[in-house]
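**Q** As input, take structure_22.cif (mmCIF, C-alpha atoms, pLDDT in the B column; chains and numbers go by the auth columns):
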data_query
#
loop_
_atom_site.group_PDB
_atom_site.id
_atom_site.type_symbol
_atom_site.label_atom_id
_atom_site.label_comp_id
_atom_site.label_asym_id
_atom_site.label_seq_id
_atom_site.Cartn_x
_atom_site.Cartn_y
_atom_site.Cartn_z
_atom_site.B_iso_or_equiv
_atom_site.auth_seq_id
_atom_site.auth_asym_id
ATOM 1 C CA MET A 1 7.122 19.803 -2.794 54.00 1 A
ATOM 2 C CA PRO A 2 8.818 22.739 -1.020 62.00 2 A
ATOM 3 C CA ASP A 3 8.771 25.806 -3.301 81.00 3 A
ATOM 4 C CA LYS A 4 12.493 26.378 -2.823 93.00 4 A
ATOM 5 C CA LYS A 5 15.588 24.457 -1.837 97.00 5 A
ATOM 6 C CA ARG A 6 15.646 23.661 1.883 98.00 6 A
ATOM 7 C CA ARG A 7 18.694 24.748 3.884 98.00 7 A
ATOM 8 C CA VAL A 8 19.638 23.992 7.474 98.00 8 A
ATOM 9 C CA THR A 9 18.789 27.596 8.321 98.00 9 A
ATOM 10 C CA ASP A 10 15.169 26.945 7.292 97.00 10 A
ATOM 11 C CA PHE A 11 14.682 24.621 10.258 98.00 11 A
ATOM 12 C CA VAL A 12 13.850 26.907 13.143 97.00 12 A
ATOM 13 C CA LYS A 13 11.949 26.478 16.380 97.00 13 A
ATOM 14 C CA GLY A 14 8.259 27.154 15.832 94.00 14 A
ATOM 15 C CA GLY A 15 8.501 26.859 12.067 96.00 15 A
ATOM 16 C CA GLY A 16 7.156 23.317 11.781 94.00 16 A
ATOM 17 C CA PRO A 17 5.750 20.821 11.810 98.00 17 A
ATOM 18 C CA TYR A 18 8.560 19.507 9.623 98.00 18 A
ATOM 19 C CA VAL A 19 8.164 16.302 7.635 98.00 19 A
ATOM 20 C CA TRP A 20 11.144 13.979 7.255 98.00 20 A
ATOM 21 C CA VAL A 21 11.490 10.540 5.700 98.00 21 A
ATOM 22 C CA THR A 22 14.359 8.234 4.860 98.00 22 A
ATOM 23 C CA ALA A 23 15.420 7.425 1.305 98.00 23 A
ATOM 24 C CA TYR A 24 18.348 5.391 0.069 98.00 24 A
ATOM 25 C CA ASP A 25 18.400 5.667 -3.720 98.00 25 A
ATOM 26 C CA TYR A 26 17.693 7.920 -6.698 98.00 26 A
ATOM 27 C CA PRO A 27 14.094 6.880 -7.555 98.00 27 A
ATOM 28 C CA THR A 28 12.753 6.983 -4.010 98.00 28 A
ATOM 29 C CA ALA A 29 14.493 10.293 -3.336 98.00 29 A
ATOM 30 C CA LYS A 30 12.767 11.742 -6.417 98.00 30 A
ATOM 31 C CA LEU A 31 9.388 10.464 -5.249 98.00 31 A
ATOM 32 C CA VAL A 32 9.527 11.583 -1.622 98.00 32 A
ATOM 33 C CA ASP A 33 10.777 14.991 -2.717 98.00 33 A
ATOM 34 C CA GLU A 34 7.889 15.358 -5.152 98.00 34 A
ATOM 35 C CA ALA A 35 5.539 14.390 -2.317 98.00 35 A
ATOM 36 C CA GLY A 36 6.674 17.482 -0.427 98.00 36 A
ATOM 37 C CA VAL A 37 8.871 16.357 2.462 98.00 37 A
ATOM 38 C CA ASP A 38 11.115 18.936 4.101 98.00 38 A
ATOM 39 C CA GLY A 39 14.037 16.639 4.764 98.00 39 A
ATOM 40 C CA ILE A 40 15.469 13.362 3.479 98.00 40 A
ATOM 41 C CA LEU A 41 17.606 11.269 5.792 98.00 41 A
ATOM 42 C CA VAL A 42 19.948 8.809 4.143 98.00 42 A
ATOM 43 C CA GLY A 43 19.760 6.633 7.211 98.00 43 A
ATOM 44 C CA ASP A 44 21.990 3.805 8.321 98.00 44 A
ATOM 45 C CA SER A 45 18.643 2.020 8.695 98.00 45 A
ATOM 46 C CA LEU A 46 19.430 0.995 5.116 98.00 46 A
ATOM 47 C CA GLY A 47 21.349 -1.852 6.743 98.00 47 A
ATOM 48 C CA MET A 48 18.106 -3.397 7.952 96.00 48 A
ATOM 49 C CA VAL A 49 15.594 -2.401 5.262 96.00 49 A
ATOM 50 C CA VAL A 50 17.829 -2.538 2.174 97.00 50 A
ATOM 51 C CA LEU A 51 20.832 -4.753 2.962 97.00 51 A
ATOM 52 C CA GLY A 52 19.069 -7.345 5.128 97.00 52 A
ATOM 53 C CA LEU A 53 21.272 -6.882 8.197 97.00 53 A
ATOM 54 C CA PRO A 54 19.920 -7.564 11.724 95.00 54 A
ATOM 55 C CA ASN A 55 20.821 -4.040 12.893 96.00 55 A
ATOM 56 C CA THR A 56 22.735 -0.946 11.767 97.00 56 A
ATOM 57 C CA LEU A 57 26.138 -1.968 13.126 97.00 57 A
ATOM 58 C CA GLY A 58 27.272 -3.587 9.894 98.00 58 A
ATOM 59 C CA VAL A 59 26.712 -0.474 7.780 98.00 59 A
ATOM 60 C CA THR A 60 30.001 0.957 6.542 98.00 60 A
ATOM 61 C CA LEU A 61 31.038 4.448 5.562 98.00 61 A
ATOM 62 C CA ALA A 62 31.368 3.194 1.979 98.00 62 A
ATOM 63 C CA ASP A 63 27.730 2.060 2.114 98.00 63 A
ATOM 64 C CA MET A 64 26.649 5.493 3.306 98.00 64 A
ATOM 65 C CA VAL A 65 28.723 7.302 0.692 98.00 65 A
ATOM 66 C CA ARG A 66 27.262 5.231 -2.161 98.00 66 A
ATOM 67 C CA HIS A 67 23.655 5.692 -1.041 98.00 67 A
ATOM 68 C CA THR A 68 24.146 9.377 -0.293 98.00 68 A
ATOM 69 C CA GLN A 69 25.472 9.863 -3.811 98.00 69 A
ATOM 70 C CA ALA A 70 22.400 8.148 -5.233 98.00 70 A
ATOM 71 C CA VAL A 71 20.011 10.338 -3.243 98.00 71 A
ATOM 72 C CA ALA A 72 21.923 13.520 -4.063 98.00 72 A
ATOM 73 C CA ARG A 73 21.703 12.768 -7.801 98.00 73 A
ATOM 74 C CA ALA A 74 17.941 13.253 -7.509 98.00 74 A
ATOM 75 C CA ALA A 75 18.686 16.936 -6.768 98.00 75 A
ATOM 76 C CA PRO A 76 15.887 17.184 -4.198 98.00 76 A
ATOM 77 C CA LYS A 77 14.594 20.455 -2.851 98.00 77 A
ATOM 78 C CA ALA A 78 14.396 18.731 0.535 98.00 78 A
ATOM 79 C CA LEU A 79 17.453 18.956 2.780 98.00 79 A
ATOM 80 C CA VAL A 80 19.652 15.838 2.480 98.00 80 A
ATOM 81 C CA VAL A 81 21.182 14.552 5.721 99.00 81 A
ATOM 82 C CA ALA A 82 23.394 11.461 5.919 99.00 82 A
ATOM 83 C CA ASP A 83 23.885 9.260 8.952 98.00 83 A
ATOM 84 C CA MET A 84 27.393 8.772 10.249 98.00 84 A
ATOM 85 C CA PRO A 85 27.609 5.003 10.723 98.00 85 A
ATOM 86 C CA PHE A 86 28.920 3.057 13.680 98.00 86 A
ATOM 87 C CA MET A 87 32.524 3.829 14.642 98.00 87 A
ATOM 88 C CA THR A 88 33.021 6.733 12.245 98.00 88 A
ATOM 89 C CA TYR A 89 32.904 9.400 14.949 98.00 89 A
ATOM 90 C CA GLU A 90 33.135 7.648 18.318 97.00 90 A
ATOM 91 C CA THR A 91 36.940 7.600 18.054 96.00 91 A
ATOM 92 C CA GLY A 92 37.154 11.383 18.221 97.00 92 A
ATOM 93 C CA PRO A 93 36.817 14.672 16.346 98.00 93 A
ATOM 94 C CA ARG A 94 39.684 14.022 13.931 98.00 94 A
ATOM 95 C CA ASP A 95 38.141 10.830 12.555 98.00 95 A
ATOM 96 C CA ALA A 96 34.687 12.410 12.629 98.00 96 A
ATOM 97 C CA LEU A 97 35.860 15.335 10.496 98.00 97 A
ATOM 98 C CA ARG A 98 37.491 13.083 7.936 98.00 98 A
ATOM 99 C CA ASN A 99 34.470 10.785 7.682 98.00 99 A
ATOM 100 C CA ALA A 100 31.856 13.553 7.698 98.00 100 A
ATOM 101 C CA ALA A 101 33.760 15.267 4.889 98.00 101 A
ATOM 102 C CA ARG A 102 33.345 12.144 2.734 98.00 102 A
ATOM 103 C CA LEU A 103 29.587 12.276 3.224 98.00 103 A
ATOM 104 C CA ILE A 104 29.458 15.975 2.411 98.00 104 A
ATOM 105 C CA ARG A 105 31.501 15.383 -0.751 98.00 105 A
ATOM 106 C CA ALA A 106 29.043 12.611 -1.638 98.00 106 A
ATOM 107 C CA GLY A 107 26.208 15.135 -1.634 98.00 107 A
ATOM 108 C CA ALA A 108 24.958 15.348 1.947 99.00 108 A
ATOM 109 C CA GLU A 109 24.115 18.833 3.181 98.00 109 A
ATOM 110 C CA ALA A 110 24.454 17.827 6.824 98.00 110 A
ATOM 111 C CA VAL A 111 25.291 14.754 8.861 98.00 111 A
ATOM 112 C CA LYS A 112 23.522 13.077 11.767 98.00 112 A
ATOM 113 C CA LEU A 113 25.220 11.290 14.633 98.00 113 A
ATOM 114 C CA GLU A 114 23.828 9.397 17.585 98.00 114 A
ATOM 115 C CA GLY A 115 24.551 10.206 21.209 97.00 115 A
ATOM 116 C CA GLY A 116 24.274 13.035 23.666 97.00 116 A
ATOM 117 C CA SER A 117 26.627 15.059 25.835 97.00 117 A
ATOM 118 C CA GLU A 118 29.415 12.487 25.446 97.00 118 A
ATOM 119 C CA TYR A 119 29.718 13.487 21.775 98.00 119 A
ATOM 120 C CA ALA A 120 29.092 17.212 22.133 98.00 120 A
ATOM 121 C CA HIS A 121 32.809 17.906 21.580 98.00 121 A
ATOM 122 C CA VAL A 122 32.638 16.002 18.282 98.00 122 A
ATOM 123 C CA VAL A 123 29.573 17.946 17.183 98.00 123 A
ATOM 124 C CA GLU A 124 31.242 21.238 18.079 98.00 124 A
ATOM 125 C CA LYS A 125 34.301 20.370 16.006 98.00 125 A
ATOM 126 C CA LEU A 126 32.198 19.463 12.961 98.00 126 A
ATOM 127 C CA VAL A 127 30.089 22.610 13.220 98.00 127 A
ATOM 128 C CA LYS A 128 33.160 24.822 13.562 98.00 128 A
ATOM 129 C CA ALA A 129 34.521 23.195 10.405 98.00 129 A
ATOM 130 C CA GLY A 130 31.360 24.204 8.537 98.00 130 A
ATOM 131 C CA ILE A 131 29.569 20.843 8.591 98.00 131 A
ATOM 132 C CA PRO A 132 25.963 21.132 9.828 98.00 132 A
ATOM 133 C CA VAL A 133 24.992 18.447 12.331 98.00 133 A
ATOM 134 C CA MET A 134 21.678 16.910 13.373 99.00 134 A
ATOM 135 C CA GLY A 135 21.673 15.253 16.791 98.00 135 A
ATOM 136 C CA HIS A 136 19.976 11.996 17.764 98.00 136 A
ATOM 137 C CA ILE A 137 18.981 11.069 21.320 98.00 137 A
ATOM 138 C CA GLY A 138 16.695 8.555 22.973 97.00 138 A
ATOM 139 C CA LEU A 139 16.949 5.109 21.423 96.00 139 A
ATOM 140 C CA ASN A 140 20.281 5.001 19.607 95.00 140 A
ATOM 141 C CA PRO A 141 20.191 1.972 17.273 95.00 141 A
ATOM 142 C CA GLN A 142 23.997 1.945 17.116 96.00 142 A
ATOM 143 C CA ARG A 143 23.966 1.210 20.882 94.00 143 A
ATOM 144 C CA VAL A 144 21.602 -1.750 20.505 94.00 144 A
ATOM 145 C CA LEU A 145 24.095 -4.205 22.037 94.00 145 A
ATOM 146 C CA ALA A 146 24.529 -2.091 25.158 91.00 146 A
ATOM 147 C CA LEU A 147 20.791 -1.461 25.419 89.00 147 A
ATOM 148 C CA GLY A 148 19.947 -5.136 25.068 90.00 148 A
ATOM 149 C CA GLY A 149 17.639 -4.544 22.117 89.00 149 A
ATOM 150 C CA PHE A 150 15.517 -1.828 20.549 91.00 150 A
ATOM 151 C CA LYS A 151 13.963 -0.659 23.813 91.00 151 A
ATOM 152 C CA MET A 152 12.181 2.527 24.815 93.00 152 A
ATOM 153 C CA VAL A 153 14.403 5.039 26.589 93.00 153 A
ATOM 154 C CA GLY A 154 13.277 7.602 29.167 94.00 154 A
ATOM 155 C CA LYS A 155 11.129 5.535 31.483 95.00 155 A
ATOM 156 C CA THR A 156 13.159 6.319 34.599 95.00 156 A
ATOM 157 C CA GLU A 157 13.834 9.692 36.178 96.00 157 A
ATOM 158 C CA GLU A 158 17.545 9.194 35.604 96.00 158 A
ATOM 159 C CA GLN A 159 17.024 8.541 31.883 96.00 159 A
ATOM 160 C CA LYS A 160 14.623 11.460 31.607 97.00 160 A
ATOM 161 C CA LYS A 161 17.131 13.829 33.204 97.00 161 A
ATOM 162 C CA LYS A 162 19.870 12.529 30.906 97.00 162 A
ATOM 163 C CA LEU A 163 17.745 13.148 27.799 98.00 163 A
ATOM 164 C CA VAL A 164 17.172 16.785 28.749 98.00 164 A
ATOM 165 C CA GLU A 165 20.870 17.235 29.540 98.00 165 A
ATOM 166 C CA ASP A 166 21.841 15.617 26.241 98.00 166 A
ATOM 167 C CA ALA A 167 19.508 17.841 24.248 98.00 167 A
ATOM 168 C CA LYS A 168 20.917 20.966 25.872 98.00 168 A
ATOM 169 C CA ALA A 169 24.515 19.808 25.357 98.00 169 A
ATOM 170 C CA LEU A 170 23.863 19.157 21.658 98.00 170 A
ATOM 171 C CA ARG A 171 22.161 22.522 21.295 98.00 171 A
ATOM 172 C CA ASP A 172 25.125 24.248 22.916 98.00 172 A
ATOM 173 C CA ALA A 173 27.455 22.344 20.577 98.00 173 A
ATOM 174 C CA GLY A 174 25.618 23.796 17.578 98.00 174 A
ATOM 175 C CA VAL A 175 23.234 21.197 16.146 98.00 175 A
ATOM 176 C CA PHE A 176 20.505 22.616 13.898 98.00 176 A
ATOM 177 C CA ALA A 177 17.953 19.965 14.963 98.00 177 A
ATOM 178 C CA ILE A 178 17.639 16.902 17.204 98.00 178 A
ATOM 179 C CA VAL A 179 15.982 13.566 16.449 98.00 179 A
ATOM 180 C CA ILE A 180 14.252 12.030 19.478 98.00 180 A
ATOM 181 C CA GLU A 181 13.643 8.308 19.018 97.00 181 A
ATOM 182 C CA PHE A 182 11.345 5.983 20.962 97.00 182 A
ATOM 183 C CA VAL A 183 10.863 7.811 24.257 97.00 183 A
ATOM 184 C CA PRO A 184 7.614 8.453 26.165 97.00 184 A
ATOM 185 C CA ALA A 185 5.621 11.294 24.592 98.00 185 A
ATOM 186 C CA SER A 186 5.621 13.300 27.825 97.00 186 A
ATOM 187 C CA VAL A 187 9.417 13.085 27.978 97.00 187 A
ATOM 188 C CA ALA A 188 9.764 14.122 24.344 98.00 188 A
ATOM 189 C CA LYS A 189 7.529 17.096 25.121 98.00 189 A
ATOM 190 C CA GLU A 190 9.739 18.158 28.031 98.00 190 A
ATOM 191 C CA VAL A 191 12.880 17.767 25.945 98.00 191 A
ATOM 192 C CA THR A 192 11.327 19.769 23.119 98.00 192 A
ATOM 193 C CA GLN A 193 10.404 22.573 25.501 98.00 193 A
ATOM 194 C CA SER A 194 13.908 22.621 26.970 98.00 194 A
ATOM 195 C CA VAL A 195 15.751 23.557 23.771 98.00 195 A
ATOM 196 C CA ASP A 196 15.425 26.277 21.145 98.00 196 A
ATOM 197 C CA VAL A 197 16.283 24.068 18.170 98.00 197 A
ATOM 198 C CA PRO A 198 13.665 21.912 16.404 98.00 198 A
ATOM 199 C CA THR A 199 13.116 18.359 17.585 98.00 199 A
ATOM 200 C CA ILE A 200 12.096 15.647 15.133 98.00 200 A
ATOM 201 C CA CYS A 201 10.267 12.662 16.611 97.00 201 A
ATOM 202 C CA ILE A 202 10.252 9.021 15.612 97.00 202 A
ATOM 203 C CA GLY A 203 8.131 6.968 17.949 97.00 203 A
ATOM 204 C CA ALA A 204 8.122 9.770 20.510 98.00 204 A
ATOM 205 C CA GLY A 205 4.652 11.274 20.170 97.00 205 A
ATOM 206 C CA PRO A 206 3.095 14.453 18.781 97.00 206 A
ATOM 207 C CA HIS A 207 4.866 17.145 20.782 97.00 207 A
ATOM 208 C CA CYS A 208 8.015 17.528 18.694 98.00 208 A
ATOM 209 C CA ASP A 209 8.603 20.122 15.968 98.00 209 A
ATOM 210 C CA GLY A 210 8.455 17.448 13.270 98.00 210 A
ATOM 211 C CA GLN A 211 8.212 13.761 12.497 98.00 211 A
ATOM 212 C CA ILE A 212 10.413 11.264 10.678 98.00 212 A
ATOM 213 C CA LEU A 213 9.675 7.716 9.517 98.00 213 A
ATOM 214 C CA VAL A 214 11.540 5.064 7.569 98.00 214 A
ATOM 215 C CA LEU A 215 10.199 5.015 4.009 98.00 215 A
ATOM 216 C CA HIS A 216 9.908 1.228 3.933 98.00 216 A
ATOM 217 C CA ASP A 217 7.615 1.384 6.980 98.00 217 A
ATOM 218 C CA VAL A 218 5.476 4.078 5.342 98.00 218 A
ATOM 219 C CA VAL A 219 4.930 2.197 2.077 98.00 219 A
ATOM 220 C CA GLY A 220 4.706 -1.346 3.418 97.00 220 A
ATOM 221 C CA LEU A 221 8.066 -2.787 2.352 97.00 221 A
ATOM 222 C CA SER A 222 9.424 -3.571 5.816 95.00 222 A
ATOM 223 C CA GLU A 223 9.389 -7.146 7.066 89.00 223 A
ATOM 224 C CA ARG A 224 8.737 -5.910 10.597 86.00 224 A
ATOM 225 C CA THR A 225 7.047 -2.548 11.011 90.00 225 A
ATOM 226 C CA PRO A 226 7.658 -0.883 14.414 91.00 226 A
ATOM 227 C CA SER A 227 4.608 -0.270 16.575 90.00 227 A
ATOM 228 C CA PHE A 228 5.108 3.500 16.327 93.00 228 A
ATOM 229 C CA ALA A 229 5.131 3.574 12.510 96.00 229 A
ATOM 230 C CA LYS A 230 2.068 3.883 10.273 96.00 230 A
ATOM 231 C CA ARG A 231 1.803 2.021 6.988 97.00 231 A
ATOM 232 C CA TYR A 232 0.167 4.212 4.351 98.00 232 A
ATOM 233 C CA ALA A 233 0.376 1.729 1.458 97.00 233 A
ATOM 234 C CA ASN A 234 1.158 -1.913 0.692 97.00 234 A
ATOM 235 C CA VAL A 235 3.785 -1.643 -2.004 97.00 235 A
ATOM 236 C CA ALA A 236 5.063 -5.148 -1.211 97.00 236 A
ATOM 237 C CA GLU A 237 1.730 -6.607 -2.331 97.00 237 A
ATOM 238 C CA GLU A 238 1.790 -4.525 -5.524 98.00 238 A
ATOM 239 C CA ILE A 239 5.299 -5.734 -6.391 98.00 239 A
ATOM 240 C CA LEU A 240 4.390 -9.339 -5.625 98.00 240 A
ATOM 241 C CA SER A 241 1.284 -9.136 -7.805 98.00 241 A
ATOM 242 C CA ALA A 242 3.136 -7.552 -10.722 98.00 242 A
ATOM 243 C CA VAL A 243 6.007 -10.042 -10.690 98.00 243 A
ATOM 244 C CA ARG A 244 3.621 -13.006 -10.366 98.00 244 A
ATOM 245 C CA GLN A 245 1.780 -11.791 -13.444 98.00 245 A
ATOM 246 C CA TYR A 246 5.088 -11.423 -15.293 98.00 246 A
ATOM 247 C CA VAL A 247 6.076 -14.971 -14.314 98.00 247 A
ATOM 248 C CA GLN A 248 2.754 -16.335 -15.542 98.00 248 A
ATOM 249 C CA GLU A 249 2.899 -14.509 -18.869 98.00 249 A
ATOM 250 C CA VAL A 250 6.457 -15.592 -19.646 98.00 250 A
ATOM 251 C CA ARG A 251 5.666 -19.221 -18.864 98.00 251 A
ATOM 252 C CA ALA A 252 2.501 -19.018 -20.955 98.00 252 A
ATOM 253 C CA ARG A 253 4.497 -17.332 -23.768 97.00 253 A
ATOM 254 C CA ALA A 254 2.159 -14.333 -23.571 97.00 254 A
ATOM 255 C CA PHE A 255 5.128 -12.015 -23.012 97.00 255 A
ATOM 256 C CA PRO A 256 6.781 -10.610 -24.981 97.00 256 A
ATOM 257 C CA ALA A 257 3.888 -9.765 -27.286 96.00 257 A
ATOM 258 C CA LYS A 258 4.429 -8.294 -30.750 94.00 258 A
ATOM 259 C CA GLU A 259 4.440 -4.701 -29.435 94.00 259 A
ATOM 260 C CA HIS A 260 7.362 -5.508 -27.148 96.00 260 A
ATOM 261 C CA TYR A 261 9.948 -6.438 -29.809 95.00 261 A
ATOM 262 C CA ARG A 262 11.067 -5.720 -33.348 93.00 262 A
ATOM 263 C CA ASP A 263 12.093 -7.813 -36.297 90.00 263 A
ATOM 264 C CA VAL A 264 15.010 -6.770 -38.451 82.00 264 A
#
Show me, as structure tokens, the structure contained in the file I just sent.
**A**
Amino acid sequence: MPDKKRRVTDFVKGGGPYVWVTAYDYPTAKLVDEAGVDGILVGDSLGMVVLGLPNTLGVTLADMVRHTQAVARAAPKALVVADMPFMTYETGPRDALRNAARLIRAGAEAVKLEGGSEYAHVVEKLVKAGIPVMGHIGLNPQRVLALGGFKMVGKTEEQKKKLVEDAKALRDAGVFAIVIEFVPASVAKEVTQSVDVPTICIGAGPHCDGQILVLHDVVGLSERTPSFAKRYANVAEEILSAVRQYVQEVRARAFPAKEHYRDV
């Protein structure tokens, strides 16, 4: 666990590698914080791994507020960042300010939004209002319909050039860090070298200033684990085993035993 509360100003170029993970509720936030992560992302990935949605597009601002509140109640030393869900900032800075403020009031210490130079003006407005922003380039899950699926970005020279331009535009707009998702490792390296703010990779290789993974992928709770994620445990099997044993004991009238109840 970090020895002191993490702030956005603690994330500086060359200070990593920084460890980030998602969390969506009080108990998991407590656990990942105790494990020593630097940052917790309350990700809109909760739509897929918690709510059972096919993608992140159905996640609402109310969903994000509720889950951010739950994570914040764990009072983690790690920095808490909340995703701005689909269509809460694309409509312009005014809506973005109003919606980001709800996440900050819910306990987030910064917000993350997807997109590059086309949203730099939104980022700049949020930062000037005192709301720290983390950028997100490469694969943008909220653009899955336009992309035609969860596909790697940065394979062409045009895409590669756009990624570098996006990173620089976000830096100039005032982001404190940039997530780079699912791009070739060599491209992520070039992007990382092009900006003086930390980059946090997910599925983009070892050359960034930090890494982030979805908690459910890490512990083995995801139905479909991405190829770039590593499973460090099989919590799904542990849960299944425990509940099966519970089912068996109740049906065999072995639970509750005498130590589990009281008589008047």
**Q** Please produce, as JSON lines, a per-residue contact table for stretch 49-163 of chain A versus stretch 5-28 of chain A (criterion: any atom at most 10 Å away, only C-alpha atoms considered), showing the nearest atom pair and its distance in Å to one decimal, sorted by chain then residue number.
**A**
{"residue": "A:Val49", "atom": "CA", "partner": "A:Tyr24", "partner_atom": "CA", "distance": 9.8}
{"residue": "A:Val50", "atom": "CA", "partner": "A:Tyr24", "partner_atom": "CA", "distance": 8.2}
{"residue": "A:Met64", "atom": "CA", "partner": "A:Tyr24", "partner_atom": "CA", "distance": 8.9}
{"residue": "A:Arg66", "atom": "CA", "partner": "A:Asp25", "partner_atom": "CA", "distance": 9.0}
{"residue": "A:His67", "atom": "CA", "partner": "A:Tyr24", "partner_atom": "CA", "distance": 5.4}
{"residue": "A:Thr68", "atom": "CA", "partner": "A:Tyr24", "partner_atom": "CA", "distance": 7.0}
{"residue": "A:Gln69", "atom": "CA", "partner": "A:Asp25", "partner_atom": "CA", "distance": 8.2}
{"residue": "A:Ala70", "atom": "CA", "partner": "A:Tyr26", "partner_atom": "CA", "distance": 4.9}
{"residue": "A:Val71", "atom": "CA", "partner": "A:Tyr26", "partner_atom": "CA", "distance": 4.8}
{"residue": "A:Ala72", "atom": "CA", "partner": "A:Tyr26", "partner_atom": "CA", "distance": 7.5}
{"residue": "A:Arg73", "atom": "CA", "partner": "A:Tyr26", "partner_atom": "CA", "distance": 6.4}
{"residue": "A:Ala74", "atom": "CA", "partner": "A:Tyr26", "partner_atom": "CA", "distance": 5.4}
{"residue": "A:Ala75", "atom": "CA", "partner": "A:Tyr26", "partner_atom": "CA", "distance": 9.1}
{"residue": "A:Pro76", "atom": "CA", "partner": "A:Lys5", "partner_atom": "CA", "distance": 7.7}
{"residue": "A:Lys77", "atom": "CA", "partner": "A:Lys5", "partner_atom": "CA", "distance": 4.2}
{"residue": "A:Ala78", "atom": "CA", "partner": "A:Arg6", "partner_atom": "CA", "distance": 5.3}
{"residue": "A:Leu79", "atom": "CA", "partner": "A:Arg6", "partner_atom": "CA", "distance": 5.1}
{"residue": "A:Val80", "atom": "CA", "partner": "A:Arg6", "partner_atom": "CA", "distance": 8.8}
{"residue": "A:Val81", "atom": "CA", "partner": "A:Thr22", "partner_atom": "CA", "distance": 9.3}
{"residue": "A:Ala82", "atom": "CA", "partner": "A:Thr22", "partner_atom": "CA", "distance": 9.7}
{"residue": "A:Glu109", "atom": "CA", "partner": "A:Arg7", "partner_atom": "CA", "distance": 8.1}
{"residue": "A:Ala110", "atom": "CA", "partner": "A:Val8", "partner_atom": "CA", "distance": 7.9}
{"residue": "A:Pro132", "atom": "CA", "partner": "A:Val8", "partner_atom": "CA", "distance": 7.3}
{"residue": "A:Val133", "atom": "CA", "partner": "A:Val8", "partner_atom": "CA", "distance": 9.1}
{"residue": "A:Met134", "atom": "CA", "partner": "A:Val8", "partner_atom": "CA", "distance": 9.4}
**Q** What residues come out when you apply the PyMOL selection byres ((chain A and resi 183) around 12) to this file, written as number ranges by chain?
**A** A: 136-140, 150-156, 159-160, 163-164, 179-182, 184-191, 201-208, 228
**Q** Using all atoms listed in the file, which residue out of A:Val195, A:Ala169, A:Val123, A:Met87 lies closest to A:Gln142?
**A** A:Met87
**Q** Can you list what the PyMOL selection byres ((chain A and resi 214) around 10) grabs from this structure, as a PDB file with C-alpha atoms, in the frame of the given file?
**A**
ATOM      1  CA  TRP A  20      11.144  13.979   7.255  1.00 98.00           C
ATOM      2  CA  VAL A  21      11.490  10.540   5.700  1.00 98.00           C
ATOM      3  CA  THR A  22      14.359   8.234   4.860  1.00 98.00           C
ATOM      4  CA  ALA A  23      15.420   7.425   1.305  1.00 98.00           C
ATOM      5  CA  LEU A  41      17.606  11.269   5.792  1.00 98.00           C
ATOM      6  CA  VAL A  42      19.948   8.809   4.143  1.00 98.00           C
ATOM      7  CA  GLY A  43      19.760   6.633   7.211  1.00 98.00           C
ATOM      8  CA  SER A  45      18.643   2.020   8.695  1.00 98.00           C
ATOM      9  CA  LEU A  46      19.430   0.995   5.116  1.00 98.00           C
ATOM     10  CA  VAL A  49      15.594  -2.401   5.262  1.00 96.00           C
ATOM     11  CA  ILE A 202      10.252   9.021  15.612  1.00 97.00           C
ATOM     12  CA  ILE A 212      10.413  11.264  10.678  1.00 98.00           C
ATOM     13  CA  LEU A 213       9.675   7.716   9.517  1.00 98.00           C
ATOM     14  CA  LEU A 215      10.199   5.015   4.009  1.00 98.00           C
ATOM     15  CA  HIS A 216       9.908   1.228   3.933  1.00 98.00           C
ATOM     16  CA  ASP A 217       7.615   1.384   6.980  1.00 98.00           C
ATOM     17  CA  VAL A 218       5.476   4.078   5.342  1.00 98.00           C
ATOM     18  CA  VAL A 219       4.930   2.197   2.077  1.00 98.00           C
ATOM     19  CA  SER A 222       9.424  -3.571   5.816  1.00 95.00           C
ATOM     20  CA  THR A 225       7.047  -2.548  11.011  1.00 90.00           C
ATOM     21  CA  PRO A 226       7.658  -0.883  14.414  1.00 91.00           C
ATOM     22  CA  ALA A 229       5.131   3.574  12.510  1.00 96.00           C
ATOM     23  CA  LYS A 230       2.068   3.883  10.273  1.00 96.00           C
TER      24      LYS A 230
END
**Q** I want to know what sits within 12 Å of stretch 90-98 of chain A, based on all atoms listed in the file, with residues of the same chain fewer than 4 positions away left out; could you give that as a compact mmCIF listing (two decimals) with C-alpha atoms, keeping the file's coordinate frame?
**A**
# COMPACT_ATOMS: atom_id res chain seq x y z
CA LEU A 61 31.04 4.45 5.56
CA ASP A 83 23.88 9.26 8.95
CA MET A 84 27.39 8.77 10.25
CA PRO A 85 27.61 5.00 10.72
CA PHE A 86 28.92 3.06 13.68
CA ARG A 102 33.34 12.14 2.73
CA LEU A 103 29.59 12.28 3.22
CA ILE A 104 29.46 15.98 2.41
CA ARG A 105 31.50 15.38 -0.75
CA VAL A 111 25.29 14.75 8.86
CA LYS A 112 23.52 13.08 11.77
CA LEU A 113 25.22 11.29 14.63
CA GLU A 114 23.83 9.40 17.58
CA GLY A 115 24.55 10.21 21.21
CA GLY A 116 24.27 13.04 23.67
CA GLU A 118 29.42 12.49 25.45
CA TYR A 119 29.72 13.49 21.78
CA ALA A 120 29.09 17.21 22.13
CA HIS A 121 32.81 17.91 21.58
CA VAL A 122 32.64 16.00 18.28
CA VAL A 123 29.57 17.95 17.18
CA GLU A 124 31.24 21.24 18.08
CA LYS A 125 34.30 20.37 16.01
CA LEU A 126 32.20 19.46 12.96
CA VAL A 127 30.09 22.61 13.22
CA LYS A 128 33.16 24.82 13.56
CA ALA A 129 34.52 23.20 10.40
CA GLY A 130 31.36 24.20 8.54
CA ILE A 131 29.57 20.84 8.59
CA PRO A 132 25.96 21.13 9.83
CA VAL A 133 24.99 18.45 12.33
CA GLN A 142 24.00 1.94 17.12
CA ARG A 143 23.97 1.21 20.88
**Q** Calculated over only C-alpha atoms, which of the candidates A:Lys161, A:Asn234, A:Asp209, A:Glu249 has the smallest distance to A:Ile178?
**A**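 Closest to A:Ile178 of all the choices is A:Asp209.
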